[in-house]
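Structure file entry-v3.txt with compact mmCIF, C-alpha atoms:
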# COMPACT_ATOMS: atom_id res chain seq x y z
CA MET A 26 13.47 -34.52 -33.93
CA ALA A 27 14.76 -31.45 -35.72
CA GLU A 28 17.84 -29.64 -34.50
CA PRO A 29 17.30 -25.98 -33.52
CA ALA A 30 18.58 -23.09 -35.61
CA ALA A 31 20.12 -21.46 -32.52
CA ALA A 32 21.35 -23.01 -29.30
CA TYR A 33 21.77 -19.92 -27.13
CA GLU A 34 20.57 -16.31 -27.34
CA PRO A 35 21.26 -14.01 -24.37
CA LEU A 36 18.87 -11.20 -25.34
CA CYS A 37 15.57 -13.02 -25.09
CA ASP A 38 12.83 -13.26 -22.49
CA THR A 39 9.47 -14.93 -22.10
CA GLY A 40 7.57 -11.92 -23.40
CA GLN A 41 8.50 -12.94 -26.95
CA VAL A 42 8.67 -16.05 -29.09
CA ILE A 43 12.13 -17.46 -28.41
CA SER A 44 14.24 -18.75 -31.29
CA SER A 45 16.79 -20.71 -29.25
CA ILE A 46 16.90 -23.45 -26.61
CA VAL A 47 18.71 -21.44 -23.94
CA PHE A 48 18.23 -17.73 -23.28
CA GLY A 49 19.17 -15.12 -20.69
CA PRO A 50 20.25 -14.80 -17.95
CA ASN A 51 17.20 -12.87 -16.80
CA ILE A 52 16.03 -11.63 -13.43
CA SER A 53 13.08 -13.62 -12.10
CA ARG A 54 10.84 -12.09 -9.45
CA ARG A 55 10.51 -15.49 -7.82
CA LEU A 56 13.89 -17.09 -8.35
CA GLY A 57 16.62 -14.46 -8.76
CA THR A 58 19.15 -14.71 -11.61
CA VAL A 59 17.98 -17.45 -13.95
CA LEU A 60 18.92 -19.05 -17.23
CA GLY A 61 15.89 -19.96 -19.30
CA ILE A 62 15.54 -23.26 -21.14
CA ASN A 63 13.00 -23.34 -23.95
CA VAL A 64 12.16 -26.97 -24.70
CA LEU A 65 9.47 -26.04 -27.22
CA PRO A 66 10.53 -25.98 -30.91
CA PRO A 67 12.59 -22.77 -31.21
CA GLY A 68 10.71 -20.05 -33.05
CA LYS A 69 7.35 -21.77 -32.52
CA ALA A 70 4.81 -21.29 -29.75
CA ALA A 71 2.54 -24.16 -28.70
CA CYS A 72 0.40 -24.63 -25.62
CA THR A 73 -2.54 -26.59 -24.29
CA TYR A 74 -4.11 -23.31 -23.10
CA ARG A 75 -4.80 -19.99 -24.77
CA CYS A 76 -5.17 -17.98 -21.58
CA LEU A 77 -7.00 -14.68 -21.69
CA TYR A 78 -3.98 -12.82 -20.35
CA CYS A 79 -1.13 -14.60 -22.17
CA PRO A 80 1.13 -12.24 -24.17
CA LEU A 81 1.93 -15.09 -26.59
CA SER A 82 -1.76 -15.87 -27.19
CA PRO A 83 -1.87 -14.28 -30.68
CA PHE A 84 1.14 -16.32 -31.81
CA LEU A 85 0.73 -19.74 -30.26
CA GLU A 86 -0.75 -22.92 -31.66
CA LEU A 87 -3.37 -24.47 -29.37
CA VAL A 88 -2.60 -28.19 -29.12
CA GLY A 89 -3.78 -31.16 -27.11
CA SER A 90 -0.68 -33.36 -27.26
CA ALA A 91 2.99 -33.46 -28.21
CA ALA A 92 2.13 -35.35 -31.41
CA GLU A 93 0.53 -32.21 -32.84
CA VAL A 94 3.85 -30.32 -32.67
CA GLN A 95 6.77 -30.78 -35.06
CA GLY A 96 10.42 -29.96 -34.49
CA TRP A 97 10.96 -30.83 -30.83
CA PRO A 98 14.60 -30.38 -29.74
CA SER A 99 16.01 -33.70 -28.55
CA SER A 100 17.24 -34.16 -24.99
CA ALA A 101 20.76 -34.38 -26.42
CA SER A 102 20.24 -31.00 -28.17
CA VAL A 103 19.08 -29.46 -24.92
CA ALA A 104 22.10 -30.87 -23.08
CA ARG A 105 24.54 -29.49 -25.67
CA ALA A 106 22.90 -26.07 -25.76
CA LEU A 107 22.81 -25.79 -21.98
CA THR A 108 26.39 -26.94 -21.53
CA ASP A 109 27.58 -24.39 -24.10
CA ALA A 110 25.56 -21.58 -22.53
CA LEU A 111 26.66 -22.38 -18.97
CA GLY A 112 30.26 -22.37 -20.11
CA GLN A 113 29.80 -18.76 -21.17
CA VAL A 114 27.41 -17.49 -18.50
CA ARG A 115 29.24 -18.87 -15.45
CA LEU A 116 32.17 -16.55 -16.21
CA HIS A 117 29.95 -13.50 -15.65
CA HIS A 118 26.97 -14.53 -13.48
CA GLU A 119 26.20 -16.70 -10.49
CA LEU A 120 22.93 -18.41 -11.33
CA ASP A 121 20.14 -19.07 -8.85
CA ALA A 122 18.08 -21.32 -11.12
CA LEU A 123 17.86 -23.10 -14.46
CA VAL A 124 14.24 -22.76 -15.56
CA LEU A 125 12.23 -24.74 -18.11
CA ILE A 126 9.98 -22.05 -19.55
CA GLY A 127 9.57 -20.57 -22.98
CA ASN A 128 7.29 -20.79 -26.00
CA GLY A 129 4.30 -22.44 -24.34
CA GLU A 130 3.85 -25.50 -22.12
CA PRO A 131 7.15 -27.34 -21.41
CA THR A 132 5.51 -30.54 -20.13
CA LEU A 133 4.37 -31.21 -23.71
CA HIS A 134 7.94 -32.28 -24.52
CA PRO A 135 7.86 -36.01 -25.37
CA GLU A 136 11.17 -36.62 -23.53
CA LEU A 137 10.47 -34.47 -20.47
CA GLY A 138 11.99 -36.89 -17.95
CA ARG A 139 15.14 -37.32 -20.03
CA VAL A 140 15.42 -33.57 -20.59
CA LEU A 141 15.29 -32.91 -16.86
CA HIS A 142 17.88 -35.61 -16.25
CA GLU A 143 20.25 -33.94 -18.73
CA VAL A 144 19.61 -30.48 -17.26
CA LYS A 145 20.49 -31.71 -13.77
CA LYS A 146 23.66 -33.39 -15.04
CA ALA A 147 24.84 -30.12 -16.62
CA ARG A 148 23.81 -28.18 -13.52
CA ASP A 149 25.76 -30.46 -11.18
CA VAL A 150 28.96 -29.82 -13.11
CA LEU A 151 28.67 -26.21 -14.26
CA ALA A 152 26.20 -24.48 -11.91
CA PRO A 153 25.97 -26.56 -8.72
CA GLY A 154 24.33 -23.76 -6.74
CA ALA A 155 21.38 -23.42 -9.11
CA GLU A 156 17.93 -24.97 -8.68
CA VAL A 157 16.27 -26.80 -11.57
CA VAL A 158 12.77 -25.32 -11.88
CA VAL A 159 9.85 -26.07 -14.21
CA PHE A 160 6.98 -23.71 -14.92
CA THR A 161 3.82 -25.54 -15.96
CA ASN A 162 0.19 -24.64 -16.60
CA SER A 163 -0.75 -27.94 -14.87
CA SER A 164 -2.91 -29.06 -17.81
CA LEU A 165 -1.09 -32.37 -18.36
CA LEU A 166 -0.71 -33.41 -14.74
CA TRP A 167 -3.54 -35.93 -15.15
CA ASP A 168 -0.91 -38.02 -16.98
CA ARG A 169 1.04 -39.83 -14.25
CA ARG A 170 4.14 -39.95 -16.45
CA ILE A 171 4.29 -36.15 -16.46
CA SER A 172 3.97 -35.97 -12.69
CA GLU A 173 6.72 -38.56 -12.25
CA ALA A 174 9.01 -36.73 -14.69
CA LEU A 175 8.52 -33.46 -12.84
CA SER A 176 9.73 -35.06 -9.61
CA ASN A 177 13.23 -34.70 -11.12
CA ALA A 178 12.94 -30.93 -10.63
CA ASP A 179 13.99 -29.12 -7.47
CA CYS A 180 10.93 -26.90 -7.73
CA VAL A 181 7.77 -26.79 -9.84
CA VAL A 182 5.77 -23.60 -10.31
CA ALA A 183 2.30 -24.82 -11.26
CA LYS A 184 -0.48 -22.60 -12.53
CA LEU A 185 -3.95 -22.88 -11.00
CA ASP A 186 -6.26 -20.05 -12.00
CA ALA A 187 -9.56 -21.77 -11.26
CA VAL A 188 -11.10 -24.64 -9.32
CA ASP A 189 -14.44 -24.11 -11.04
CA GLU A 190 -14.89 -25.85 -14.41
CA ASP A 191 -16.68 -22.96 -16.11
CA LEU A 192 -14.16 -20.40 -14.84
CA TRP A 193 -11.30 -22.65 -15.95
CA ARG A 194 -12.67 -22.80 -19.47
CA THR A 195 -13.34 -19.05 -19.49
CA VAL A 196 -9.93 -17.93 -18.17
CA ASN A 197 -7.56 -20.61 -19.51
CA ARG A 198 -9.45 -21.64 -22.68
CA PRO A 199 -8.05 -25.21 -22.77
CA HIS A 200 -7.75 -27.41 -25.83
CA LYS A 201 -10.87 -29.51 -26.30
CA ALA A 202 -8.86 -32.75 -26.07
CA LEU A 203 -7.90 -32.13 -22.42
CA PRO A 204 -9.80 -33.98 -19.70
CA GLY A 205 -11.95 -32.07 -17.22
CA LEU A 206 -10.64 -29.88 -14.46
CA LYS A 207 -11.24 -32.56 -11.81
CA ASP A 208 -8.64 -34.82 -13.44
CA ILE A 209 -6.14 -31.96 -13.52
CA LEU A 210 -6.74 -31.16 -9.84
CA ARG A 211 -6.17 -34.83 -8.97
CA GLY A 212 -2.95 -34.69 -10.96
CA LEU A 213 -1.83 -31.64 -9.02
CA LYS A 214 -2.29 -33.54 -5.76
CA GLU A 215 -0.31 -36.46 -7.19
CA LEU A 216 2.47 -34.07 -8.17
CA ARG A 217 2.54 -32.68 -4.64
CA LYS A 218 3.04 -36.19 -3.23
CA ASN A 219 5.81 -36.95 -5.72
CA LEU A 220 7.67 -33.73 -5.02
CA SER A 221 7.34 -34.10 -1.25
CA SER A 222 8.76 -37.63 -1.41
CA VAL A 223 12.02 -36.33 -2.90
CA GLY A 224 12.22 -33.07 -0.94
CA SER A 225 11.30 -30.80 -3.86
CA ARG A 226 9.10 -27.72 -3.64
CA LEU A 227 5.73 -26.90 -5.15
CA ILE A 228 4.70 -23.30 -5.76
CA VAL A 229 1.16 -22.67 -7.00
CA SER A 230 0.77 -19.55 -9.15
CA VAL A 231 -2.66 -17.96 -9.52
CA MET A 232 -3.36 -15.23 -12.08
CA LEU A 233 -6.34 -13.22 -10.83
CA LEU A 234 -8.71 -11.31 -13.09
CA GLY A 235 -11.50 -8.93 -12.19
CA PRO A 236 -14.97 -9.53 -13.57
CA PRO A 237 -15.58 -7.91 -16.97
CA LYS A 238 -18.78 -6.07 -17.77
CA ALA A 239 -20.32 -9.36 -18.86
CA GLY A 240 -19.04 -12.55 -17.30
CA ARG A 241 -17.12 -13.65 -14.20
CA GLY A 242 -13.62 -13.11 -12.97
CA ASN A 243 -11.78 -15.55 -10.73
CA ALA A 244 -11.17 -13.09 -7.87
CA SER A 245 -14.69 -13.19 -6.46
CA GLU A 246 -15.04 -14.05 -2.78
CA ARG A 247 -16.93 -17.21 -3.71
CA HIS A 248 -14.16 -18.50 -5.95
CA LEU A 249 -11.36 -17.43 -3.62
CA LYS A 250 -13.06 -19.40 -0.84
CA ALA A 251 -13.21 -22.54 -3.01
CA LEU A 252 -9.64 -21.98 -4.21
CA SER A 253 -8.37 -21.55 -0.65
CA SER A 254 -10.11 -24.75 0.42
CA PHE A 255 -8.45 -26.74 -2.37
CA LEU A 256 -5.05 -25.19 -1.67
CA SER A 257 -5.38 -25.96 2.03
CA ASP A 258 -5.93 -29.60 1.14
CA LEU A 259 -3.10 -29.56 -1.43
CA GLY A 260 -0.55 -28.03 0.94
CA PRO A 261 1.88 -26.33 -1.48
CA ASP A 262 5.04 -24.74 -0.12
CA GLN A 263 3.97 -21.34 -1.40
CA VAL A 264 1.03 -19.72 -3.20
CA HIS A 265 1.73 -16.74 -5.46
CA LEU A 266 -1.18 -14.48 -6.37
CA GLU A 267 -0.68 -12.05 -9.23
CA THR A 268 -2.58 -10.12 -11.88
CA PRO A 269 -1.56 -9.28 -15.45
CA THR A 270 0.14 -5.92 -15.95
CA ALA A 271 -1.89 -5.41 -19.10
CA SER A 272 -4.60 -7.24 -20.98
CA LEU A 273 -4.83 -8.09 -24.66
CA GLU A 274 -8.51 -8.94 -24.36
CA PRO A 275 -11.44 -7.07 -22.78
CA GLU A 276 -12.52 -10.14 -20.79
CA ALA A 277 -9.29 -10.07 -18.80
CA ARG A 278 -9.39 -7.08 -16.46
CA PRO A 279 -6.32 -6.84 -14.24
CA LEU A 280 -6.99 -6.31 -10.54
CA THR A 281 -6.05 -3.04 -8.93
CA ARG A 282 -3.24 -3.24 -6.42
CA GLU A 283 -5.72 -2.91 -3.56
CA GLU A 284 -7.87 -5.73 -4.96
CA LEU A 285 -4.80 -7.96 -5.20
CA VAL A 286 -3.88 -7.20 -1.58
CA GLU A 287 -7.44 -7.99 -0.45
CA ALA A 288 -7.38 -11.32 -2.33
CA THR A 289 -3.98 -12.20 -0.86
CA LEU A 290 -5.11 -11.53 2.68
CA TYR A 291 -8.33 -13.48 2.12
CA VAL A 292 -6.47 -16.58 0.92
CA SER A 293 -3.89 -16.26 3.69
CA ASP A 294 -6.62 -16.40 6.33
CA LEU A 295 -6.91 -20.12 5.63
CA LEU A 296 -3.39 -20.99 4.46
CA GLY A 297 -1.32 -18.78 6.75
CA ASP A 298 0.59 -15.57 6.09
CA GLY A 299 3.91 -17.36 5.65
CA ARG A 300 2.83 -19.33 2.59
CA VAL A 301 0.84 -16.76 0.61
CA PHE A 302 2.51 -14.05 -1.47
CA ALA A 303 1.41 -11.25 -3.79
CA LEU A 304 3.30 -10.43 -6.97
CA THR A 305 2.79 -6.99 -8.44
CA GLY A 306 4.82 -5.12 -11.01
CA THR A 307 8.48 -6.09 -10.87
CA THR A 308 8.70 -6.64 -7.11
CA VAL A 309 9.70 -9.93 -5.54
CA PRO A 310 6.85 -11.89 -3.92
CA ILE A 311 5.53 -9.96 -0.90
CA SER A 312 4.29 -12.16 1.94
CA ALA A 313 0.76 -11.77 3.22
CA GLY A 314 2.23 -11.24 6.67
CA LEU A 315 4.16 -8.18 5.50
CA LEU A 316 1.10 -6.86 3.66
CA ARG A 317 -1.03 -7.35 6.75
CA THR A 318 1.46 -5.62 9.04
CA SER A 319 2.03 -2.77 6.59
CA ARG A 320 -1.68 -2.20 6.16
CA GLY A 321 -2.15 -2.28 9.92
CA MET A 322 0.59 0.30 10.43
CA GLU A 323 -0.90 2.58 7.78
CA GLU A 324 -4.37 2.26 9.23
CA GLY A 325 -3.08 2.75 12.75
CA ALA A 326 -1.40 5.98 11.67
CA ARG A 327 -4.69 7.18 10.20
CA LEU A 328 -6.72 6.44 13.29
CA LYS A 329 -7.72 9.49 15.29
CA ALA A 330 -6.77 10.06 18.86
CA ARG A 331 -9.32 7.57 20.08
CA LEU A 332 -10.33 4.07 19.11
CA PRO A 333 -14.06 3.30 18.99
CA GLU A 334 -15.21 3.45 22.58
CA ASP A 335 -16.34 -0.17 22.80
CA VAL A 336 -12.98 -1.39 21.46
CA MET A 337 -11.06 0.90 23.79
CA VAL A 338 -12.97 -0.41 26.80
CA LEU A 339 -12.53 -4.01 25.69
CA LEU A 340 -8.74 -3.70 25.31
CA THR A 341 -7.75 -1.21 27.96
CA HIS A 342 -10.18 -1.52 30.88
CA GLY A 343 -10.82 -4.24 33.40
CA PRO A 344 -8.81 -7.28 34.50
CA GLY A 345 -9.43 -9.15 31.23
CA ALA A 346 -8.09 -6.44 28.89
CA ARG A 347 -4.52 -7.70 29.07
CA THR A 348 -5.64 -11.27 28.27
CA ARG A 349 -7.68 -10.11 25.27
CA ILE A 350 -4.68 -8.23 23.90
CA ARG A 351 -2.50 -11.31 24.37
CA ILE A 352 -5.10 -13.38 22.46
CA LEU A 353 -5.00 -10.89 19.56
CA GLU A 354 -1.20 -10.94 19.56
CA ALA A 355 -1.17 -14.75 19.54
CA LEU A 356 -3.39 -14.76 16.44
CA ILE A 357 -1.19 -12.49 14.33
CA GLY A 358 -0.16 -14.47 11.27
CA ARG A 359 -1.70 -17.76 12.45
CA LYS A 360 -4.95 -19.54 13.25
CA MET A 361 -5.52 -21.34 16.55
CA ASN A 362 -8.34 -23.21 18.25
CA CYS A 363 -9.58 -22.36 21.73
CA ASN A 364 -7.38 -24.97 23.45
CA GLN A 365 -4.26 -23.67 21.71
CA LEU A 366 -5.10 -20.09 22.62
CA ALA A 367 -5.74 -21.00 26.24
CA LYS A 368 -2.29 -22.60 26.49
CA ALA A 369 -0.62 -19.72 24.59
CA VAL A 370 -1.92 -17.04 26.94
CA GLY A 371 -1.99 -19.13 30.14
CA VAL A 372 -5.68 -19.21 30.95
CA SER A 373 -8.34 -21.90 31.20
CA TRP A 374 -10.35 -23.06 28.18
CA TRP A 375 -13.48 -21.47 29.66
CA SER A 376 -11.75 -18.16 30.18
CA ALA A 377 -10.34 -18.17 26.63
CA GLN A 378 -13.80 -18.99 25.27
CA ARG A 379 -15.39 -16.05 27.12
CA HIS A 380 -12.76 -13.62 25.85
CA LEU A 381 -13.12 -14.96 22.29
CA GLU A 382 -16.87 -14.39 22.41
CA ARG A 383 -16.31 -10.73 23.26
CA LEU A 384 -13.61 -10.32 20.62
CA LEU A 385 -15.84 -11.97 18.01
CA LYS A 386 -18.72 -9.67 18.88
CA ALA A 387 -16.43 -6.64 18.52
CA GLY A 388 -15.22 -7.87 15.13
CA LEU A 389 -11.59 -8.14 16.28
CA VAL A 390 -11.31 -11.88 15.56
CA ARG A 391 -13.00 -14.17 13.07
CA ALA A 392 -14.02 -17.83 13.33
CA VAL A 393 -12.75 -20.10 10.53
CA PRO A 394 -14.46 -23.52 10.18
CA PHE A 395 -11.86 -26.29 9.78
CA GLY A 396 -13.46 -29.72 9.52
CA ARG A 397 -15.14 -30.39 12.85
CA ARG A 398 -13.06 -27.78 14.60
CA THR A 399 -13.25 -24.00 14.75
CA LEU A 400 -10.11 -21.95 14.37
CA TYR A 401 -9.76 -18.25 15.14
CA THR A 402 -7.78 -15.57 13.36
CA ILE A 403 -7.30 -11.86 13.90
CA THR A 404 -9.28 -9.56 11.59
CA GLN A 405 -8.05 -6.36 9.98
CA ALA A 406 -9.98 -4.42 12.64
CA GLY A 407 -8.18 -6.36 15.36
CA LEU A 408 -4.81 -5.73 13.76
CA TYR A 409 -5.60 -2.02 13.35
CA ALA A 410 -6.54 -1.79 17.02
CA LEU A 411 -3.25 -3.38 18.07
CA MET A 412 -1.31 -1.05 15.79
CA ALA A 413 -3.09 1.98 17.22
CA LEU A 414 -2.34 0.83 20.77
CA LYS A 415 1.26 0.13 19.88
CA ARG A 416 1.65 3.68 18.58
CA GLY A 417 0.41 4.96 21.91
CA LEU A 418 -2.66 6.65 20.49
CA GLU A 419 -4.64 5.78 23.61
CA GLY A 420 -2.02 6.95 26.07
CA PRO A 421 -2.20 5.70 29.68
CA GLY A 422 -3.21 2.27 30.74
CA LEU A 423 -1.68 0.35 27.87
CA PRO A 424 -0.02 -3.00 28.58
CA ALA A 425 3.76 -2.66 28.57
CA ARG A 426 4.11 -5.49 26.04
CA LEU A 427 2.56 -3.27 23.38
CA LEU A 428 4.70 -0.19 24.02
Show this structure as structure tokens.
Amino acid sequence: MAEPAAAYEPLCDTGQVISSIVFGPNISRRLGTVLGINVLPPGKAACTYRCLYCPLSPFLELVGSAAEVQGWPSSASVARALTDALGQVRLHHELDALVLIGNGEPTLHPELGRVLHEVKKARDVLAPGAEVVVFTNSSLLWDRRISEALSNADCVVAKLDAVDEDLWRTVNRPHKALPGLKDILRGLKELRKNLSSVGSRLIVSVMLLGPPKAGRGNASERHLKALSSFLSDLGPDQVHLETPTASLEPEARPLTREELVEATLYVSDLLGDGRVFALTGTTVPISAGLLRTSRGMEEGARLKARLPEDVMVLLTHGPGARTRIRILEALIGRKMNCNQLAKAVGVSWWSAQRHLERLLKAGLVRAVPFGRRTLYTITQAGLYALMALKRGLEGPGLPARLL
């Protein structure tokens, strides 16, 4: 393997082709202050995908295996470069993470397991507070050796833009030598098991695109439903939904901020608000729970002096109003079945079922099929109603718990 021309360059980031092994430190939206490790041949860009939205797309070589790439830095080269860089950086910065990311797909490296071993050795001595993180497009996870090598990382950020074969080929434009999407999805599940067995984290990153004038985007309700179902089965620690800030190609339309929020809330309905995050601009990941609460507060502020009459009656009149409000409160940020709700609010199953039927009819809760069971979650309308009540827009008769 060829030795790199440069071991460390501080003034580089992943928006350009990097000519060194180590670069930064940079500020990562997800991870804080990070030092980047480019295990691709310095000055060359190679990847198994040529994604519609990738800023390196015009410069990279589309490859199907490591054998198609020349000039890989050896694991010893990576170790030397990282040790040298950490010796300099640690005097000025406290690092949160050491991140394998750079000129393409890092899991192409033929010595990936050994590279990660060397990175962790250097980390333990020179930056013990930093996580070792790998960003991957997931394309090689069908190879069990890759999945096993990645279990050496503290965290893996794995791309998953599509669970539909045609969409995958449209958005990610994979090399023809790669197996089908089903094999890659199986590999992602295997990776999850491997990481869980050693206490490491899995973050799934989804880049969402709106539909162009001709063709399909991956942010349609149909695809988001299929994606959410797969992610629910996968069980990652977090899911990050984002959209490109700009597009090099007309087929890749970025979502508006509102569209991204809608997609985030849709996915979180099945996975839970605490695991789903939106990334927009330069902000850190914003949880679906915060987005939901913020939207509810904004909508509540816009509501007029009165809620719709049927909603007002349902939530403020009669002996069951207090119970229905408690059911809505119990469903904020979570999904529960009827038995769980009955226990949470202290009523019988039959009573909870009757109140749910009325809340469903009013559009304040939504039923979510989950195998043979039915779970319930609060809708935006339900959250808006609670926010309006909390702000006192209805005046007298409100339960004290809301005021």
Among A:Ser99, A:Tyr78, A:Arg379, A:Leu256, A:Gly345 is approached most closely, using all atoms listed in the file, by A:Arg379
Would you kindly identify which residues have an atom no farther than 8 Å from (23.1, -13.9, -23.6), using only C-alpha atoms and the file's own coordinates, and write them out as a PyMOL selection string? chain A and resi 33-37+48-50+114
Selection as a PDB file with C-alpha atoms, in the frame of the given file: residues within 10 Å of (-11.6, -21.3, 16.2), counting all atoms listed in the file:
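Output contents, as saved in result.pdb:
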ATOM      1  CA  LYS A 360      -4.950 -19.540  13.250  1.00  0.00           C
ATOM      2  CA  MET A 361      -5.520 -21.340  16.550  1.00  0.00           C
ATOM      3  CA  ASN A 362      -8.340 -23.210  18.250  1.00  0.00           C
ATOM      4  CA  CYS A 363      -9.580 -22.360  21.730  1.00  0.00           C
ATOM      5  CA  ASN A 364      -7.380 -24.970  23.450  1.00  0.00           C
ATOM      6  CA  GLN A 365      -4.260 -23.670  21.710  1.00  0.00           C
ATOM      7  CA  LEU A 366      -5.100 -20.090  22.620  1.00  0.00           C
ATOM      8  CA  GLN A 378     -13.800 -18.990  25.270  1.00  0.00           C
ATOM      9  CA  LEU A 381     -13.120 -14.960  22.290  1.00  0.00           C
ATOM     10  CA  VAL A 390     -11.310 -11.880  15.560  1.00  0.00           C
ATOM     11  CA  ARG A 391     -13.000 -14.170  13.070  1.00  0.00           C
ATOM     12  CA  ALA A 392     -14.020 -17.830  13.330  1.00  0.00           C
ATOM     13  CA  VAL A 393     -12.750 -20.100  10.530  1.00  0.00           C
ATOM     14  CA  PRO A 394     -14.460 -23.520  10.180  1.00  0.00           C
ATOM     15  CA  PHE A 395     -11.860 -26.290   9.780  1.00  0.00           C
ATOM     16  CA  ARG A 398     -13.060 -27.780  14.600  1.00  0.00           C
ATOM     17  CA  THR A 399     -13.250 -24.000  14.750  1.00  0.00           C
ATOM     18  CA  LEU A 400     -10.110 -21.950  14.370  1.00  0.00           C
ATOM     19  CA  TYR A 401      -9.760 -18.250  15.140  1.00  0.00           C
ATOM     20  CA  THR A 402      -7.780 -15.570  13.360  1.00  0.00           C
TER      21      THR A 402
END
Please, what distance in Å, to one decimal, runs between atom CA of A:His265 and atom CA of A:Pro310?
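Atom CA of A:His265 sits 7.2 Å away from atom CA of A:Pro310.
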re atom CA of A:Lys250 and atom CA of A:Leu206: distance 17.4 Å
| Contact residues around A:Leu77 with only C-alpha atoms at 10 Å, ignoring same-chain residues under 4 positions, as an NGL selection string | :A and (82 or 195-198 or 234 or 269 or 272-278)
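Considering the residues A:Ser221, A:Ser373, A:Asn63, A:Ser245 and counting all atoms listed in the file, A:Ala187 has its shortest atom-to-atom contact with A:Ser245.
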Each residue of stretch 241-351 of chain A with at least one atom at most 10 Å from stretch 163-184 of chain A should appear once, together with its nearest atom pair and the corresponding distance in Å (one decimal); atoms considered: only C-alpha atoms; ordering: chain, then increasing residue number; output as JSON lines.
{"residue": "A:Pro261", "atom": "CA", "partner": "A:Ala183", "partner_atom": "CA", "distance": 9.9}
{"residue": "A:Asp262", "atom": "CA", "partner": "A:Cys180", "partner_atom": "CA", "distance": 9.9}
{"residue": "A:Gln263", "atom": "CA", "partner": "A:Val182", "partner_atom": "CA", "distance": 9.4}
{"residue": "A:Val264", "atom": "CA", "partner": "A:Val182", "partner_atom": "CA", "distance": 9.4}
{"residue": "A:His265", "atom": "CA", "partner": "A:Val182", "partner_atom": "CA", "distance": 9.3}
Taking all atoms listed in the file into account, which of A:Asp191, A:Glu334, A:Asp186, A:Glu86 comes nearest A:Asn128?
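Nearest candidate to A:Asn128 out of A:Asp191, A:Glu334, A:Asp186, A:Glu86: A:Glu86.
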Nearest to A:Ser312, restricted to only C-alpha atoms and choosing among A:Glu130, A:Asp208, A:Leu296, A:Val159, comes out as A:Leu296
